[in-house]
Amino acid sequence: MSGTIQATDFADLSAYAALPRLGSLALSPDGTRLVTVVAELTPDGKAWQGALWEVDPAGVRPARRLTRAAKGESNPVFTPDGSLLFLSARPDQAAKPDEGKKKDRTALWVLPPVGEARELCRPTRGVERVAVARDAGTLLLTAGAHPTAEFGEADEALRKAREDAGVTAILYESYPTRYWDVDLGPTYPRLLTGSFDPDAERLDATGLVDLTPEAATRLDDPAVISPDGRWVVHTERVDVSAAYGPRVRLRVAAADGSSSRVLADAEGHSFTQVAFLPDSSGVIAIRSFDSTPSLPWRNALVRISLDGAITELAPDFAEEAEHPVVSPDGAAVYFTSSYRGHQPIWRLDLASGELIKLTATGAYTDVQVGRDHVYALRNAVDQPAQPVRLALAEPDQEAVALPAPGVVESLPGTLTEIETVVADGRTVRAWLVLPTGCSADQPAPLLLWVHGGPVMSWSGWSWRWNPWLMAARGYAVLMPDPALSTGYGPEFIREGWGSWGAKPYTDLMAITDVAVRRDDIDDSRTAAMGGSFGGYMANWIATRTDRFKAIVTHASLWHLDAFTGTTDDSYYWIREMGDPLRQREQLSANSPHLGVADIKTPMLVIHGDKDYRVPISEGQRLYFDLVRHGVPAKFLYFPTENHWILTPGNAKVWYETIYAFLAEHVLGEPWQRPDLV
């Protein structure tokens, strides 16, 4: 594995695919060990797989690899004694020969401080997630089971009976039925607790306590277990209205299974992203206002005691708080949010209410708070995720990078920012990637990239939508945050809420105007591109202007009425765009399919068949509408991919097809069909 990233890696898609990709971070209870997951290509080049790597929190020693298995590892978490738990489908070398049929199920493994990793348990349907009580060491596992069967042998028997009978049917009695790229059911997640004995060879699965024996829906968030091991808090959907769907409340269950009750429930709001206080007396959570066609959702940071009392924290915070983490002494809450093209860490002092922005630049995830430092993965538009160290309470600091694979040494261009003031007085800003060598004498063609979401922003690195790959081919890439983007206050989101075709579009055109006025940009060679909501905007742009030479639209919304009823979470979109039976006018005003006759720009349509968020019917209808109206169009179809293109071979074809399409229509080169499609 290459330790650093060079500009030349972006000129070769095979070299790019082989770059290390970091995700997840775990800190040992004593703060002396830090573990991350580094994904790399499998030997056959057909997938990425993760391995556990140890990073020196002091930043002195180089990172070292801890695990190596054909199936990869994920979800590292430390136990109080310093053992490292993780999940993997690797085969158990100690298993009996007749247990080989279970080899592909994800198992719970432990890597002790000294010695080799061993398998702890491999349930019927595998383990989906593991958490550990920080002080007590009690385990909290998430594993699937059929809603009519007890976890364990009864569920295994039912699974085998379905298989033997050739039954794949699923009977739904609740909504939703799908999520992103998976069909929900016939199994649903169970929450199971058990004791971890570091000296025991295996975890006795028959001794696990099932806290959710009648589970028949997905969890909206991972469950959490209290440091003392006594309590588990998890989400639960509550049906509210046939028109606007359920809200999400919190339940607290005794870890021994003796009791379960509602902890937090508020009309018009949902609760997610829970973190326990270190004394186990309550939790910190995100309370979200459930959106309506006239008002967007809004996050608030709250403290909830185990008796159900709710206190809002930082009520004047203008952005959308996410992913709270409590310090080990309980004095402060750390959380993240979008903010002006970055995703900083914030620190809230629980005694004084003082709120500081801990970080100056970058986007932070996987925040881990130790007794002396904060650790996280930091990424940016010009740097993939890297482990970093921060002081506990120093405002606007630059993080200290810790040695790990994947450091950028050079890029095929430079990163800058541009902005403009639009008609209503808002400032719209954007990242602008400029390719090496572009100048007034050699201006670069421009590619407008519109982010998805729609309520998000361009604030960090993307392996899937990477502007440096385009820069390596001579394109400048404009990455704007139009109305609906996060990090600019609630009014900025509200300006585009329920009216995607209005200010989001005019914002994009205004910032594009600023970009093309630069003397190092060639305004005669421009294209637009986006995925998901960005794909919707690409379609909308095509119906409203012919200023671009080509448009690429990935996993895009085309017919809003059809989309809102077939997506995997219809209620969310109805809450914004309106009930099709009541707000048809609003849907029609924003649905690009009604403007197909006005499209003149050549379009490349891309869609995956397993995309349940934006169903494949959207891409099929879009392509057919373009063909029947005589628009020059191509359709890149992925039968096995979902909302994202996740396998290396298909990701390579994705970029190769876009390169060829833009080269033909923007650069004026002959069409060159990629070799493998």
# chains A, B, ... in the order shown; residues from 1 in each chain; ligands from 1
>>> residues_around(residues="Ala597 of chain A", least_positions_apart="3", cutoff="9 Å", atoms="only C-alpha atoms", output="VMD selection string")
chain A and resid 543 593 to 594 600 625 to 626 629
>>> select_by_dssp(residues="segment 196-316 of chain A", states="strand (DSSP E or B)", output="PyMOL selection string")
chain A and resi 209-210+224-225+231-241+245-254+260-264+269-276+282-289+298-305+310-313
>>> atom_distance(atom1="atom CA of Asp569 of chain A", atom2="atom CA of Pro176 of chain A")
6.4 Å
>>> residues_around(residues="segment 659-667 of chain A", least_positions_apart="3", cutoff="12 Å", atoms="only C-alpha atoms", output="PyMOL selection string")
chain A and resi 11+13+444-447+469-475+522-529+547-553+601-606+632-636+652-656+670-675
>>> write_last_selection(atoms="N, CA and C atoms", output="compact mmCIF listing (two decimals), in the first residue's frame")
# COMPACT_ATOMS: atom_id res chain seq x y z
N ALA A 11 -4.35 10.88 -12.48
CA ALA A 11 -4.33 10.75 -13.93
C ALA A 11 -4.57 9.31 -14.36
N LEU A 13 -6.91 5.97 -13.35
CA LEU A 13 -8.01 5.49 -12.53
C LEU A 13 -7.64 4.24 -11.74
N ALA A 444 -9.11 27.09 -18.71
CA ALA A 444 -9.61 25.72 -18.56
C ALA A 444 -11.11 25.65 -18.83
N PRO A 445 -11.59 24.55 -19.41
CA PRO A 445 -13.03 24.34 -19.47
C PRO A 445 -13.59 24.16 -18.07
N LEU A 446 -14.85 24.52 -17.88
CA LEU A 446 -15.44 24.52 -16.54
C LEU A 446 -16.50 23.44 -16.41
N LEU A 447 -16.45 22.73 -15.30
CA LEU A 447 -17.47 21.73 -14.97
C LEU A 447 -18.15 22.15 -13.68
N LEU A 469 -9.82 14.26 -10.04
CA LEU A 469 -9.77 13.42 -11.24
C LEU A 469 -10.08 14.23 -12.49
N MET A 470 -11.01 15.18 -12.37
CA MET A 470 -11.33 16.04 -13.49
C MET A 470 -10.22 17.07 -13.72
N ALA A 471 -9.64 17.57 -12.63
CA ALA A 471 -8.53 18.52 -12.77
C ALA A 471 -7.35 17.89 -13.49
N ALA A 472 -7.11 16.59 -13.23
CA ALA A 472 -6.01 15.90 -13.91
C ALA A 472 -6.22 15.84 -15.41
N ARG A 473 -7.46 16.04 -15.85
CA ARG A 473 -7.77 16.05 -17.28
C ARG A 473 -8.00 17.46 -17.81
N GLY A 474 -7.62 18.45 -17.02
CA GLY A 474 -7.62 19.82 -17.50
C GLY A 474 -8.86 20.63 -17.20
N TYR A 475 -9.84 20.07 -16.48
CA TYR A 475 -11.07 20.79 -16.18
C TYR A 475 -10.95 21.58 -14.87
N ASP A 522 -12.50 29.16 -19.47
CA ASP A 522 -12.99 29.29 -20.84
C ASP A 522 -14.52 29.20 -20.82
N ASP A 523 -15.19 30.33 -20.95
CA ASP A 523 -16.65 30.35 -20.83
C ASP A 523 -17.35 29.75 -22.06
N SER A 524 -16.60 29.38 -23.09
CA SER A 524 -17.22 28.75 -24.26
C SER A 524 -17.22 27.23 -24.15
N ARG A 525 -16.59 26.71 -23.12
CA ARG A 525 -16.52 25.26 -22.91
C ARG A 525 -16.93 24.94 -21.47
N THR A 526 -18.21 24.75 -21.26
CA THR A 526 -18.71 24.49 -19.91
C THR A 526 -19.67 23.31 -19.93
N ALA A 527 -19.77 22.64 -18.78
CA ALA A 527 -20.69 21.52 -18.62
C ALA A 527 -21.22 21.55 -17.19
N ALA A 528 -22.32 20.84 -16.96
CA ALA A 528 -22.91 20.74 -15.62
C ALA A 528 -23.13 19.28 -15.29
N MET A 529 -23.05 18.99 -13.98
CA MET A 529 -23.12 17.60 -13.56
C MET A 529 -23.60 17.53 -12.12
N ARG A 547 -26.88 27.05 -21.97
CA ARG A 547 -25.55 27.65 -21.83
C ARG A 547 -24.44 26.60 -21.74
N PHE A 548 -24.79 25.36 -21.33
CA PHE A 548 -23.78 24.33 -21.16
C PHE A 548 -23.70 23.44 -22.40
N LYS A 549 -22.49 22.96 -22.69
CA LYS A 549 -22.28 22.10 -23.85
C LYS A 549 -22.73 20.66 -23.58
N ALA A 550 -22.74 20.24 -22.32
CA ALA A 550 -23.12 18.88 -21.98
C ALA A 550 -23.61 18.85 -20.54
N ILE A 551 -24.46 17.87 -20.23
CA ILE A 551 -24.97 17.70 -18.87
C ILE A 551 -24.92 16.22 -18.52
N VAL A 552 -24.36 15.93 -17.34
CA VAL A 552 -24.31 14.57 -16.82
C VAL A 552 -25.20 14.50 -15.59
N THR A 553 -26.14 13.56 -15.57
CA THR A 553 -27.10 13.46 -14.49
C THR A 553 -27.08 12.04 -13.91
N THR A 601 -29.59 20.46 -24.77
CA THR A 601 -28.22 20.08 -24.41
C THR A 601 -28.06 18.56 -24.39
N PRO A 602 -26.99 18.01 -25.01
CA PRO A 602 -26.73 16.57 -24.91
C PRO A 602 -26.61 16.14 -23.45
N MET A 603 -27.20 14.97 -23.11
CA MET A 603 -27.23 14.52 -21.72
C MET A 603 -26.77 13.07 -21.60
N LEU A 604 -25.99 12.82 -20.57
CA LEU A 604 -25.60 11.47 -20.17
C LEU A 604 -26.36 11.13 -18.90
N VAL A 605 -27.22 10.11 -18.97
CA VAL A 605 -28.02 9.66 -17.84
C VAL A 605 -27.34 8.44 -17.22
N ILE A 606 -27.16 8.45 -15.89
CA ILE A 606 -26.51 7.33 -15.20
C ILE A 606 -27.42 6.89 -14.05
N PRO A 632 -29.86 14.50 -27.96
CA PRO A 632 -28.71 13.58 -27.98
C PRO A 632 -28.44 13.07 -26.56
N ALA A 633 -28.57 11.77 -26.34
CA ALA A 633 -28.49 11.24 -24.99
C ALA A 633 -27.88 9.85 -24.98
N LYS A 634 -27.25 9.50 -23.87
CA LYS A 634 -26.75 8.16 -23.60
C LYS A 634 -27.19 7.76 -22.20
N PHE A 635 -27.30 6.46 -21.98
CA PHE A 635 -27.78 5.93 -20.70
C PHE A 635 -26.76 4.89 -20.21
N LEU A 636 -26.05 5.23 -19.15
CA LEU A 636 -25.10 4.30 -18.51
C LEU A 636 -25.82 3.64 -17.35
N LYS A 652 -14.67 2.78 -12.18
CA LYS A 652 -13.75 3.16 -13.26
C LYS A 652 -14.52 3.44 -14.54
N VAL A 653 -15.48 2.56 -14.88
CA VAL A 653 -16.30 2.76 -16.07
C VAL A 653 -17.13 4.04 -15.96
N TRP A 654 -17.62 4.32 -14.76
CA TRP A 654 -18.39 5.55 -14.51
C TRP A 654 -17.59 6.77 -14.95
N TYR A 655 -16.34 6.87 -14.47
CA TYR A 655 -15.51 8.02 -14.83
C TYR A 655 -15.13 7.98 -16.31
N GLU A 656 -14.78 6.81 -16.82
CA GLU A 656 -14.36 6.73 -18.23
C GLU A 656 -15.47 7.19 -19.16
N PRO A 670 -13.60 13.36 -30.96
CA PRO A 670 -14.47 12.28 -31.42
C PRO A 670 -14.93 11.41 -30.24
N TRP A 671 -16.15 10.88 -30.33
CA TRP A 671 -16.66 9.99 -29.29
C TRP A 671 -15.83 8.70 -29.25
N GLN A 672 -15.36 8.35 -28.04
CA GLN A 672 -14.62 7.11 -27.83
C GLN A 672 -15.34 6.30 -26.76
N ARG A 673 -16.03 5.25 -27.19
CA ARG A 673 -16.76 4.40 -26.25
C ARG A 673 -15.76 3.68 -25.34
N PRO A 674 -15.98 3.70 -24.01
CA PRO A 674 -15.09 2.96 -23.11
C PRO A 674 -15.05 1.48 -23.47
N ASP A 675 -13.91 0.84 -23.28
CA ASP A 675 -13.68 -0.51 -23.78
C ASP A 675 -14.62 -1.55 -23.20
>>> residues_around(residues="segment 293-297 of chain A", least_positions_apart="4", cutoff="6 Å", atoms="only C-alpha atoms", output="ChimeraX atom specification")
/A:289,575-578
>>> closest_residue(among="A:Pro328, A:Pro615, A:Gly166, A:Pro454", to="Asp372 of chain A", atoms="only C-alpha atoms")
A:Pro328
>>> residues_around(residues="Ala107 of chain A", least_positions_apart="2", cutoff="12 Å", atoms="only C-alpha atoms", output="MDAnalysis selection string")
chainID A and resid 71:75 85:92 102:105 109:110 117:130 141:143 202:203 205
>>> residues_around(residues="segment 417-421 of chain A", least_positions_apart="2", cutoff="9 Å", atoms="only C-alpha atoms", output="PyMOL selection string")
chain A and resi 415+423-433+480+507+510-511+514-515
>>> write_last_selection(atoms="C-alpha atoms", output="PDB file, in the first residue's frame")
ATOM      1  CA  LEU A 415      -8.129  24.974  -4.529  1.00  0.00           C
ATOM      2  CA  ALA A 423     -30.655  39.378  -5.610  1.00  0.00           C
ATOM      3  CA  ASP A 424     -32.126  38.762  -2.142  1.00  0.00           C
ATOM      4  CA  GLY A 425     -28.875  39.792  -0.414  1.00  0.00           C
ATOM      5  CA  ARG A 426     -27.568  36.328   0.468  1.00  0.00           C
ATOM      6  CA  THR A 427     -23.920  35.483  -0.174  1.00  0.00           C
ATOM      7  CA  VAL A 428     -23.484  32.320  -2.218  1.00  0.00           C
ATOM      8  CA  ARG A 429     -20.015  30.761  -2.060  1.00  0.00           C
ATOM      9  CA  ALA A 430     -18.292  27.875  -3.833  1.00  0.00           C
ATOM     10  CA  TRP A 431     -15.078  25.889  -3.919  1.00  0.00           C
ATOM     11  CA  LEU A 432     -13.239  26.186  -7.224  1.00  0.00           C
ATOM     12  CA  VAL A 433     -10.651  23.596  -8.255  1.00  0.00           C
ATOM     13  CA  PRO A 480     -21.220  25.702  -5.121  1.00  0.00           C
ATOM     14  CA  ASP A 507     -27.942  30.713  -7.112  1.00  0.00           C
ATOM     15  CA  ALA A 510     -25.156  33.404 -10.420  1.00  0.00           C
ATOM     16  CA  ILE A 511     -22.049  31.684  -9.043  1.00  0.00           C
ATOM     17  CA  VAL A 514     -18.737  34.686 -11.470  1.00  0.00           C
ATOM     18  CA  ALA A 515     -16.588  31.681 -12.363  1.00  0.00           C
TER      19      ALA A 515
END
>>> residues_around(residues="Arg159 of chain A", least_positions_apart="5", cutoff="12 Å", atoms="only C-alpha atoms", output="PyMOL selection string")
chain A and resi 124-125+144-154+164-168+185-187
>>> closest_residue(among="A:Asp199, A:Thr217, A:Gly330, A:Pro412", to="Tyr179 of chain A", atoms="only C-alpha atoms")
A:Thr217
>>> closest_residue(among="A:Pro246, A:Gly341, A:Pro76, A:Pro405", to="Val55 of chain A", atoms="only C-alpha atoms")
A:Pro405
>>> closest_residue(among="A:Pro112, A:Trp463, A:Gly453, A:Tyr339", to="Thr647 of chain A", atoms="only C-alpha atoms")
A:Trp463
>>> closest_residue(among="A:Tyr488, A:Gly257, A:Asp349, A:Val333", to="Val374 of chain A", atoms="only C-alpha atoms")
A:Val333
>>> closest_residue(among="A:Gly496, A:Pro395, A:Gly23, A:Gly115", to="Val367 of chain A", atoms="only C-alpha atoms")
A:Gly23
>>> atom_distance(atom1="atom CA of Glu322 of chain A", atom2="atom CA of Tyr612 of chain A")
25.0 Å
>>> atom_distance(atom1="atom CA of Val240 of chain A", atom2="atom CA of Asp220 of chain A")
16.1 Å
>>> decode(residues="segment 599-627 of chain A", atoms="C-alpha atoms", output="CSV table (one decimal), in the first residue's frame")
chain,number,residue,atom,x,y,z
A,599,ILE,CA,-34.0,20.5,-23.6
A,600,LYS,CA,-31.4,21.1,-26.3
A,601,THR,CA,-28.2,20.1,-24.4
A,602,PRO,CA,-26.7,16.6,-24.9
A,603,MET,CA,-27.2,14.5,-21.7
A,604,LEU,CA,-25.6,11.5,-20.2
A,605,VAL,CA,-28.0,9.7,-17.8
A,606,ILE,CA,-26.5,7.3,-15.2
A,607,HIS,CA,-28.5,5.1,-12.8
A,608,GLY,CA,-28.1,1.9,-10.7
A,609,ASP,CA,-30.9,-0.7,-10.6
A,610,LYS,CA,-30.5,-1.2,-6.9
A,611,ASP,CA,-31.1,2.4,-6.1
A,612,TYR,CA,-34.2,2.5,-3.8
A,613,ARG,CA,-33.7,6.2,-2.7
A,614,VAL,CA,-34.1,7.4,-6.3
A,615,PRO,CA,-35.7,4.4,-8.1
A,616,ILE,CA,-34.4,3.2,-11.4
A,617,SER,CA,-37.8,4.2,-13.0
A,618,GLU,CA,-36.6,7.8,-12.7
A,619,GLY,CA,-33.6,7.2,-14.9
A,620,GLN,CA,-35.5,5.0,-17.4
A,621,ARG,CA,-38.3,7.6,-17.8
A,622,LEU,CA,-35.7,10.4,-18.2
A,623,TYR,CA,-33.8,8.5,-20.9
A,624,PHE,CA,-36.9,7.6,-22.8
A,625,ASP,CA,-38.3,11.2,-22.6
A,626,LEU,CA,-35.0,12.5,-24.0
A,627,VAL,CA,-34.9,10.0,-26.8
